[in-house]
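Structure data follow from final-v5.txt (compact mmCIF, N, CA and C atoms):
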```
# COMPACT_ATOMS: atom_id res chain seq x y z
N MET A 192 -1.07 31.26 -40.74
CA MET A 192 -0.88 31.17 -39.31
C MET A 192 -1.96 30.25 -38.75
N SER A 193 -1.57 29.32 -37.86
CA SER A 193 -2.54 28.39 -37.29
C SER A 193 -3.27 29.05 -36.13
N SER A 194 -4.36 28.38 -35.70
CA SER A 194 -5.16 28.93 -34.60
C SER A 194 -4.39 28.91 -33.28
N GLN A 195 -3.50 27.92 -33.10
CA GLN A 195 -2.70 27.87 -31.87
C GLN A 195 -1.74 29.05 -31.80
N GLN A 196 -1.14 29.39 -32.91
CA GLN A 196 -0.21 30.52 -32.91
C GLN A 196 -0.97 31.82 -32.65
N ALA A 197 -2.17 31.93 -33.20
CA ALA A 197 -2.98 33.13 -32.97
C ALA A 197 -3.35 33.23 -31.49
N GLU A 198 -3.68 32.07 -30.86
CA GLU A 198 -4.01 32.08 -29.44
C GLU A 198 -2.82 32.48 -28.59
N GLN A 199 -1.64 31.98 -28.95
CA GLN A 199 -0.44 32.31 -28.19
C GLN A 199 -0.13 33.79 -28.26
N ARG A 200 -0.35 34.41 -29.38
CA ARG A 200 -0.05 35.82 -29.54
C ARG A 200 -1.09 36.70 -28.85
N SER A 201 -2.29 36.17 -28.64
CA SER A 201 -3.33 36.98 -28.02
C SER A 201 -3.12 37.13 -26.52
N HIS A 202 -2.28 36.28 -25.90
CA HIS A 202 -2.00 36.39 -24.48
C HIS A 202 -1.02 37.52 -24.22
N SER A 203 -1.30 38.24 -23.17
CA SER A 203 -0.37 39.29 -22.77
C SER A 203 0.78 38.65 -22.01
N PRO A 204 1.90 39.33 -21.88
CA PRO A 204 3.03 38.77 -21.13
C PRO A 204 2.67 38.47 -19.68
N GLU A 205 1.78 39.27 -19.07
CA GLU A 205 1.38 39.03 -17.70
C GLU A 205 0.59 37.72 -17.59
N GLU A 206 -0.29 37.46 -18.57
CA GLU A 206 -1.08 36.24 -18.57
C GLU A 206 -0.18 35.02 -18.73
N GLU A 207 0.80 35.13 -19.60
CA GLU A 207 1.72 34.01 -19.81
C GLU A 207 2.52 33.73 -18.53
N GLU A 208 2.92 34.79 -17.84
CA GLU A 208 3.67 34.63 -16.60
C GLU A 208 2.81 33.95 -15.53
N GLU A 209 1.53 34.34 -15.45
CA GLU A 209 0.62 33.72 -14.49
C GLU A 209 0.43 32.23 -14.79
N GLU A 210 0.30 31.91 -16.08
CA GLU A 210 0.14 30.51 -16.47
C GLU A 210 1.36 29.69 -16.08
N MET A 211 2.54 30.26 -16.28
CA MET A 211 3.77 29.56 -15.93
C MET A 211 3.87 29.34 -14.42
N GLU A 212 3.44 30.32 -13.62
CA GLU A 212 3.46 30.18 -12.17
C GLU A 212 2.49 29.09 -11.72
N GLU A 213 1.29 29.05 -12.36
CA GLU A 213 0.31 28.03 -12.00
C GLU A 213 0.83 26.64 -12.32
N GLU A 214 1.48 26.49 -13.47
CA GLU A 214 2.04 25.19 -13.84
C GLU A 214 3.14 24.79 -12.87
N ALA A 215 3.95 25.74 -12.43
CA ALA A 215 5.02 25.44 -11.47
C ALA A 215 4.43 25.01 -10.14
N ASP A 216 3.36 25.70 -9.70
CA ASP A 216 2.71 25.34 -8.44
C ASP A 216 2.12 23.94 -8.52
N GLU A 217 1.51 23.58 -9.66
CA GLU A 217 0.94 22.26 -9.83
C GLU A 217 2.03 21.20 -9.79
N GLY A 218 3.17 21.48 -10.40
CA GLY A 218 4.29 20.53 -10.39
C GLY A 218 4.81 20.31 -8.99
N GLU A 219 4.94 21.38 -8.19
CA GLU A 219 5.41 21.24 -6.81
C GLU A 219 4.42 20.45 -5.97
N ALA A 220 3.13 20.68 -6.17
CA ALA A 220 2.12 19.94 -5.42
C ALA A 220 2.18 18.47 -5.76
N GLY A 221 2.39 18.14 -7.03
CA GLY A 221 2.49 16.75 -7.45
C GLY A 221 3.70 16.07 -6.85
N GLU A 222 4.83 16.80 -6.75
CA GLU A 222 6.03 16.23 -6.17
C GLU A 222 5.84 15.95 -4.69
N SER A 223 5.24 16.89 -3.97
CA SER A 223 5.05 16.67 -2.54
C SER A 223 4.06 15.55 -2.29
N GLN A 224 3.05 15.44 -3.14
CA GLN A 224 2.10 14.35 -2.99
C GLN A 224 2.78 13.02 -3.29
N GLY A 225 3.67 13.00 -4.28
CA GLY A 225 4.42 11.78 -4.60
C GLY A 225 5.31 11.37 -3.45
N GLN A 226 5.90 12.36 -2.77
CA GLN A 226 6.75 12.07 -1.62
C GLN A 226 5.92 11.52 -0.47
N SER A 227 4.73 12.09 -0.25
CA SER A 227 3.90 11.59 0.85
C SER A 227 3.42 10.17 0.56
N ASN A 228 3.16 9.85 -0.72
CA ASN A 228 2.79 8.48 -1.07
C ASN A 228 3.96 7.53 -0.82
N ALA A 229 5.18 7.97 -1.15
CA ALA A 229 6.35 7.14 -0.92
C ALA A 229 6.57 6.94 0.57
N ASP A 230 6.36 7.98 1.37
CA ASP A 230 6.49 7.86 2.82
C ASP A 230 5.46 6.88 3.37
N ALA A 231 4.25 6.93 2.84
CA ALA A 231 3.19 6.04 3.31
C ALA A 231 3.54 4.58 2.97
N LEU A 232 4.19 4.36 1.83
CA LEU A 232 4.55 3.00 1.46
C LEU A 232 5.69 2.47 2.31
N CYS A 233 6.53 3.35 2.83
CA CYS A 233 7.66 2.93 3.64
C CYS A 233 7.27 2.66 5.09
N ARG A 234 6.12 3.10 5.53
CA ARG A 234 5.69 2.86 6.90
C ARG A 234 5.14 1.44 7.02
N THR A 235 5.39 0.85 8.17
CA THR A 235 4.87 -0.49 8.43
C THR A 235 4.07 -0.48 9.72
N ARG A 236 3.15 -1.40 9.82
CA ARG A 236 2.35 -1.52 11.04
C ARG A 236 3.03 -2.44 12.04
N LEU A 237 3.83 -3.35 11.54
CA LEU A 237 4.57 -4.26 12.42
C LEU A 237 5.96 -3.68 12.66
N PRO A 238 6.52 -3.89 13.84
CA PRO A 238 7.84 -3.32 14.11
C PRO A 238 8.94 -4.08 13.35
N LEU A 239 9.73 -3.33 12.59
CA LEU A 239 10.80 -3.95 11.80
C LEU A 239 11.84 -4.64 12.67
N SER A 240 12.10 -4.09 13.85
CA SER A 240 13.11 -4.71 14.73
C SER A 240 12.68 -6.11 15.15
N ARG A 241 11.40 -6.29 15.41
CA ARG A 241 10.91 -7.63 15.79
C ARG A 241 11.00 -8.59 14.61
N ILE A 242 10.65 -8.10 13.42
CA ILE A 242 10.72 -8.94 12.22
C ILE A 242 12.17 -9.36 11.99
N LYS A 243 13.08 -8.41 12.12
CA LYS A 243 14.49 -8.71 11.92
C LYS A 243 14.99 -9.71 12.97
N ALA A 244 14.53 -9.57 14.22
CA ALA A 244 14.93 -10.50 15.28
C ALA A 244 14.39 -11.91 14.99
N LEU A 245 13.16 -11.99 14.49
CA LEU A 245 12.60 -13.30 14.12
C LEU A 245 13.37 -13.92 12.97
N MET A 246 13.77 -13.11 12.01
CA MET A 246 14.53 -13.63 10.88
C MET A 246 15.90 -14.12 11.35
N LYS A 247 16.52 -13.41 12.27
CA LYS A 247 17.84 -13.80 12.77
C LYS A 247 17.77 -15.02 13.68
N SER A 248 16.60 -15.32 14.22
CA SER A 248 16.47 -16.48 15.10
C SER A 248 16.63 -17.80 14.34
N ASP A 249 16.49 -17.75 13.02
CA ASP A 249 16.70 -18.94 12.20
C ASP A 249 18.21 -19.19 12.11
N PRO A 250 18.66 -20.39 12.44
CA PRO A 250 20.10 -20.66 12.42
C PRO A 250 20.72 -20.59 11.02
N ASP A 251 19.91 -20.74 9.98
CA ASP A 251 20.43 -20.67 8.61
C ASP A 251 20.64 -19.24 8.13
N VAL A 252 20.08 -18.27 8.85
CA VAL A 252 20.18 -16.88 8.43
C VAL A 252 21.28 -16.21 9.24
N GLY A 253 22.24 -15.61 8.53
CA GLY A 253 23.32 -14.92 9.22
C GLY A 253 23.03 -13.45 9.39
N ILE A 254 23.04 -12.73 8.30
CA ILE A 254 22.82 -11.29 8.32
C ILE A 254 21.57 -10.99 7.49
N THR A 255 20.74 -10.10 8.01
CA THR A 255 19.55 -9.69 7.26
C THR A 255 19.65 -8.21 6.94
N SER A 256 19.35 -7.87 5.72
CA SER A 256 19.38 -6.47 5.31
C SER A 256 18.07 -5.79 5.70
N HIS A 257 18.11 -4.48 5.73
CA HIS A 257 16.92 -3.69 6.05
C HIS A 257 15.84 -3.93 5.01
N GLU A 258 16.24 -4.03 3.74
CA GLU A 258 15.29 -4.23 2.65
C GLU A 258 14.59 -5.58 2.77
N ALA A 259 15.35 -6.61 3.14
CA ALA A 259 14.74 -7.94 3.28
C ALA A 259 13.73 -7.96 4.43
N ALA A 260 14.09 -7.34 5.54
CA ALA A 260 13.17 -7.28 6.68
C ALA A 260 11.93 -6.47 6.32
N PHE A 261 12.11 -5.40 5.56
CA PHE A 261 10.98 -4.57 5.14
C PHE A 261 10.04 -5.37 4.25
N LEU A 262 10.58 -6.12 3.30
CA LEU A 262 9.74 -6.91 2.40
C LEU A 262 9.00 -8.02 3.14
N VAL A 263 9.66 -8.67 4.07
CA VAL A 263 8.99 -9.69 4.87
C VAL A 263 7.88 -9.06 5.70
N CYS A 264 8.15 -7.88 6.24
CA CYS A 264 7.15 -7.17 7.04
C CYS A 264 5.93 -6.80 6.20
N LYS A 265 6.14 -6.25 5.01
CA LYS A 265 5.03 -5.88 4.13
C LYS A 265 4.25 -7.12 3.69
N ALA A 266 4.95 -8.20 3.36
CA ALA A 266 4.28 -9.43 2.94
C ALA A 266 3.43 -9.99 4.09
N THR A 267 3.95 -9.91 5.30
CA THR A 267 3.20 -10.38 6.47
C THR A 267 1.95 -9.54 6.70
N GLU A 268 2.09 -8.22 6.54
CA GLU A 268 0.93 -7.34 6.70
C GLU A 268 -0.14 -7.66 5.66
N MET A 269 0.29 -7.89 4.42
CA MET A 269 -0.67 -8.21 3.36
C MET A 269 -1.35 -9.55 3.63
N PHE A 270 -0.59 -10.52 4.09
CA PHE A 270 -1.14 -11.84 4.41
C PHE A 270 -2.18 -11.73 5.52
N ILE A 271 -1.86 -11.02 6.57
CA ILE A 271 -2.78 -10.87 7.70
C ILE A 271 -4.04 -10.12 7.25
N GLY A 272 -3.87 -9.09 6.43
CA GLY A 272 -5.02 -8.33 5.95
C GLY A 272 -5.95 -9.17 5.10
N THR A 273 -5.39 -9.94 4.19
CA THR A 273 -6.21 -10.79 3.31
C THR A 273 -6.90 -11.88 4.11
N LEU A 274 -6.15 -12.50 5.00
CA LEU A 274 -6.73 -13.56 5.84
C LEU A 274 -7.85 -13.02 6.71
N SER A 275 -7.68 -11.82 7.23
CA SER A 275 -8.71 -11.20 8.07
C SER A 275 -9.97 -10.91 7.27
N LYS A 276 -9.81 -10.39 6.06
CA LYS A 276 -10.97 -10.09 5.22
C LYS A 276 -11.74 -11.36 4.86
N LEU A 277 -11.01 -12.40 4.48
CA LEU A 277 -11.67 -13.65 4.13
C LEU A 277 -12.37 -14.26 5.35
N SER A 278 -11.72 -14.16 6.49
CA SER A 278 -12.33 -14.69 7.72
C SER A 278 -13.58 -13.91 8.10
N TYR A 279 -13.53 -12.60 7.90
CA TYR A 279 -14.69 -11.79 8.24
C TYR A 279 -15.88 -12.10 7.33
N THR A 280 -15.61 -12.44 6.08
CA THR A 280 -16.73 -12.81 5.21
C THR A 280 -17.41 -14.08 5.73
N LYS A 281 -16.61 -15.01 6.27
CA LYS A 281 -17.19 -16.21 6.87
C LYS A 281 -18.04 -15.85 8.09
N THR A 282 -17.57 -14.87 8.85
CA THR A 282 -18.32 -14.42 10.03
C THR A 282 -19.63 -13.77 9.62
N SER A 283 -19.58 -12.93 8.60
CA SER A 283 -20.80 -12.24 8.17
C SER A 283 -21.80 -13.20 7.52
N ILE A 284 -21.31 -14.24 6.87
CA ILE A 284 -22.21 -15.25 6.31
C ILE A 284 -22.96 -15.96 7.43
N ALA A 285 -22.26 -16.21 8.54
CA ALA A 285 -22.88 -16.86 9.71
C ALA A 285 -23.72 -15.87 10.52
N LYS A 286 -23.82 -14.64 10.05
CA LYS A 286 -24.62 -13.58 10.70
C LYS A 286 -24.17 -13.32 12.14
N ARG A 287 -22.85 -13.27 12.30
CA ARG A 287 -22.27 -12.91 13.58
C ARG A 287 -21.41 -11.67 13.42
N LYS A 288 -21.12 -11.01 14.53
CA LYS A 288 -20.30 -9.81 14.48
C LYS A 288 -18.89 -10.03 15.00
N THR A 289 -18.69 -11.13 15.71
CA THR A 289 -17.39 -11.41 16.32
C THR A 289 -16.64 -12.46 15.52
N LEU A 290 -15.43 -12.13 15.14
CA LEU A 290 -14.57 -13.06 14.42
C LEU A 290 -14.05 -14.10 15.39
N GLN A 291 -14.21 -15.37 15.04
CA GLN A 291 -13.78 -16.45 15.92
C GLN A 291 -12.72 -17.30 15.22
N LYS A 292 -12.05 -18.13 16.01
CA LYS A 292 -11.00 -18.98 15.49
C LYS A 292 -11.52 -19.90 14.39
N LYS A 293 -12.72 -20.39 14.56
CA LYS A 293 -13.28 -21.32 13.56
C LYS A 293 -13.48 -20.63 12.21
N ASP A 294 -13.72 -19.31 12.22
CA ASP A 294 -13.86 -18.58 10.96
C ASP A 294 -12.54 -18.53 10.20
N VAL A 295 -11.47 -18.34 10.95
CA VAL A 295 -10.13 -18.33 10.33
C VAL A 295 -9.79 -19.72 9.81
N GLU A 296 -10.11 -20.74 10.60
CA GLU A 296 -9.80 -22.11 10.20
C GLU A 296 -10.57 -22.55 8.96
N THR A 297 -11.77 -22.02 8.74
CA THR A 297 -12.55 -22.43 7.56
C THR A 297 -12.04 -21.79 6.28
N VAL A 298 -11.19 -20.78 6.39
CA VAL A 298 -10.63 -20.15 5.19
C VAL A 298 -9.63 -21.08 4.52
N PHE A 299 -8.85 -21.82 5.31
CA PHE A 299 -7.77 -22.62 4.76
C PHE A 299 -8.22 -23.68 3.77
N PRO A 300 -9.22 -24.50 4.08
CA PRO A 300 -9.62 -25.51 3.09
C PRO A 300 -10.32 -24.91 1.86
N ASP A 301 -10.94 -23.76 2.02
CA ASP A 301 -11.71 -23.17 0.93
C ASP A 301 -10.84 -22.50 -0.14
N CYS A 302 -9.71 -21.94 0.25
CA CYS A 302 -8.84 -21.22 -0.67
C CYS A 302 -7.60 -22.05 -0.98
N ASP A 303 -7.35 -22.27 -2.26
CA ASP A 303 -6.19 -23.06 -2.67
C ASP A 303 -4.88 -22.41 -2.28
N GLU A 304 -4.83 -21.09 -2.29
CA GLU A 304 -3.57 -20.41 -1.97
C GLU A 304 -3.19 -20.57 -0.51
N TYR A 305 -4.12 -20.94 0.35
CA TYR A 305 -3.82 -21.17 1.77
C TYR A 305 -3.83 -22.66 2.13
N SER A 306 -3.80 -23.52 1.15
CA SER A 306 -3.85 -24.95 1.43
C SER A 306 -2.62 -25.43 2.19
N PHE A 307 -1.50 -24.72 2.09
CA PHE A 307 -0.30 -25.12 2.83
C PHE A 307 -0.49 -24.94 4.33
N LEU A 308 -1.50 -24.18 4.75
CA LEU A 308 -1.78 -23.97 6.16
C LEU A 308 -2.82 -24.94 6.71
N ASP A 309 -3.40 -25.76 5.85
CA ASP A 309 -4.44 -26.69 6.28
C ASP A 309 -3.88 -27.68 7.29
N GLY A 310 -4.53 -27.80 8.43
CA GLY A 310 -4.11 -28.73 9.46
C GLY A 310 -3.19 -28.10 10.49
N THR A 311 -2.94 -26.81 10.41
CA THR A 311 -2.06 -26.18 11.41
C THR A 311 -2.86 -25.55 12.50
```

Would you put the structure from the file into structure tokens?
Amino acid sequence: MSSQQAEQRSHSPEEEEEEMEEEADEGEAGESQGQSNADALCRTRLPLSRIKALMKSDPDVGITSHEAAFLVCKATEMFIGTLSKLSYTKTSIAKRKTLQKKDVETVFPDCDEYSFLDGT
């Protein structure tokens, strides 16, 4: 007989039942936490209706799906967040506390990924 089998037999039925209840409670907590994470990912800071209206304002776009508007919204939020962080580093290097337009403008030539915005 192995040590695991000996351990399993040493538990009383009440102890085994308690262990099963604890495992079930942990599983339920994990599911609810997973749902709250999914809900947090589905929330946007920008209004989807405005994003959808902007997308429809393009004459080449006929119908926009909810998923497409959501992805454009999330991509826009990520772009603004990254641009803000990079701009703030320029501000802190200049030992200022207020973010200015010139800080945002200096990000474009320095980062290759934003070179398409240079001169705008």

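By chain and then residue number, the residues within 5 Å of segment 287-303 of chain A are Ser278, Thr282 and Ser283 of chain A, counting only N, CA and C atoms and disregarding those fewer than 4 positions away in sequence.
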
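Note that the spacing between atom N of Leu308 of chain A and atom C of Pro250 of chain A amounts to 23.4 Å.
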
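For the pair atom C of Leu277 of chain A and atom C of Lys265 of chain A, the separation is 18.2 Å.
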
By how many Å are atom CA of Phe261 of chain A and atom CA of Lys247 of chain A apart?
13.8 Å

Taking only C-alpha atoms into account, which of A:Phe307, A:Val252, A:Lys276, A:Ala260 comes nearest Leu239 of chain A?
A:Ala260

Expected file for segment 229-255 of chain A keeping N, CA, C and O atoms, as a compact mmCIF listing (two decimals), in the first residue's frame:
```txt
# COMPACT_ATOMS: atom_id res chain seq x y z
N ALA A 229 -13.77 39.40 -17.00
CA ALA A 229 -14.35 39.51 -18.33
C ALA A 229 -15.20 40.77 -18.43
O ALA A 229 -15.18 41.46 -19.46
N ASP A 230 -15.96 41.09 -17.38
CA ASP A 230 -16.76 42.31 -17.37
C ASP A 230 -15.87 43.54 -17.45
O ASP A 230 -16.19 44.51 -18.13
N ALA A 231 -14.75 43.51 -16.74
CA ALA A 231 -13.83 44.64 -16.75
C ALA A 231 -13.22 44.83 -18.14
O ALA A 231 -12.99 45.97 -18.57
N LEU A 232 -12.98 43.74 -18.85
CA LEU A 232 -12.42 43.85 -20.19
C LEU A 232 -13.43 44.39 -21.18
O LEU A 232 -13.07 44.99 -22.18
N CYS A 233 -14.71 44.16 -20.93
CA CYS A 233 -15.75 44.61 -21.84
C CYS A 233 -16.12 46.08 -21.64
O CYS A 233 -16.78 46.66 -22.48
N ARG A 234 -15.73 46.67 -20.54
CA ARG A 234 -16.04 48.08 -20.29
C ARG A 234 -15.06 48.95 -21.05
O ARG A 234 -13.89 48.63 -21.20
N THR A 235 -15.57 50.08 -21.52
CA THR A 235 -14.72 51.02 -22.23
C THR A 235 -14.84 52.39 -21.58
O THR A 235 -15.84 52.72 -20.95
N ARG A 236 -13.81 53.18 -21.73
CA ARG A 236 -13.83 54.54 -21.18
C ARG A 236 -14.41 55.51 -22.18
O ARG A 236 -14.93 56.55 -21.81
N LEU A 237 -14.30 55.19 -23.45
CA LEU A 237 -14.87 56.03 -24.50
C LEU A 237 -16.25 55.50 -24.85
O LEU A 237 -16.47 54.29 -24.86
N PRO A 238 -17.19 56.38 -25.20
CA PRO A 238 -18.53 55.90 -25.53
C PRO A 238 -18.57 55.18 -26.88
O PRO A 238 -18.13 55.73 -27.90
N LEU A 239 -19.07 53.95 -26.87
CA LEU A 239 -19.13 53.16 -28.10
C LEU A 239 -20.01 53.81 -29.16
O LEU A 239 -19.73 53.69 -30.35
N SER A 240 -21.07 54.48 -28.74
CA SER A 240 -21.97 55.11 -29.71
C SER A 240 -21.24 56.20 -30.51
O SER A 240 -21.45 56.33 -31.72
N ARG A 241 -20.38 56.95 -29.84
CA ARG A 241 -19.62 57.98 -30.55
C ARG A 241 -18.61 57.36 -31.51
O ARG A 241 -18.41 57.85 -32.63
N ILE A 242 -17.96 56.28 -31.06
CA ILE A 242 -16.99 55.59 -31.92
C ILE A 242 -17.70 55.06 -33.16
O ILE A 242 -17.23 55.20 -34.29
N LYS A 243 -18.86 54.45 -32.94
CA LYS A 243 -19.63 53.91 -34.06
C LYS A 243 -20.07 55.02 -35.01
O LYS A 243 -20.03 54.86 -36.23
N ALA A 244 -20.47 56.17 -34.47
CA ALA A 244 -20.88 57.31 -35.30
C ALA A 244 -19.70 57.83 -36.12
O ALA A 244 -19.85 58.17 -37.31
N LEU A 245 -18.52 57.89 -35.50
CA LEU A 245 -17.32 58.31 -36.24
C LEU A 245 -16.97 57.33 -37.35
O LEU A 245 -16.58 57.73 -38.44
N MET A 246 -17.13 56.05 -37.07
CA MET A 246 -16.84 55.04 -38.08
C MET A 246 -17.83 55.15 -39.24
O MET A 246 -17.45 55.02 -40.41
N LYS A 247 -19.09 55.41 -38.93
CA LYS A 247 -20.11 55.52 -39.98
C LYS A 247 -19.98 56.81 -40.77
O LYS A 247 -20.52 56.91 -41.88
N SER A 248 -19.29 57.80 -40.23
CA SER A 248 -19.13 59.07 -40.96
C SER A 248 -18.23 58.91 -42.18
O SER A 248 -18.26 59.76 -43.08
N ASP A 249 -17.45 57.83 -42.24
CA ASP A 249 -16.62 57.56 -43.40
C ASP A 249 -17.54 57.05 -44.52
O ASP A 249 -18.29 56.10 -44.33
N PRO A 250 -17.48 57.66 -45.69
CA PRO A 250 -18.37 57.24 -46.78
C PRO A 250 -18.10 55.82 -47.28
O PRO A 250 -18.99 55.17 -47.85
N ASP A 251 -16.91 55.29 -47.04
CA ASP A 251 -16.58 53.93 -47.48
C ASP A 251 -17.15 52.87 -46.54
O ASP A 251 -17.19 51.69 -46.90
N VAL A 252 -17.56 53.27 -45.35
CA VAL A 252 -18.06 52.31 -44.37
C VAL A 252 -19.58 52.32 -44.41
O VAL A 252 -20.21 53.37 -44.24
N GLY A 253 -20.17 51.14 -44.60
CA GLY A 253 -21.62 51.05 -44.63
C GLY A 253 -22.18 50.69 -43.27
O GLY A 253 -22.79 51.51 -42.59
N ILE A 254 -21.94 49.47 -42.85
CA ILE A 254 -22.46 48.98 -41.59
C ILE A 254 -21.27 48.61 -40.70
O ILE A 254 -20.30 48.01 -41.16
N THR A 255 -21.37 48.97 -39.44
CA THR A 255 -20.31 48.60 -38.49
C THR A 255 -20.90 47.69 -37.43
O THR A 255 -21.97 47.96 -36.88
```
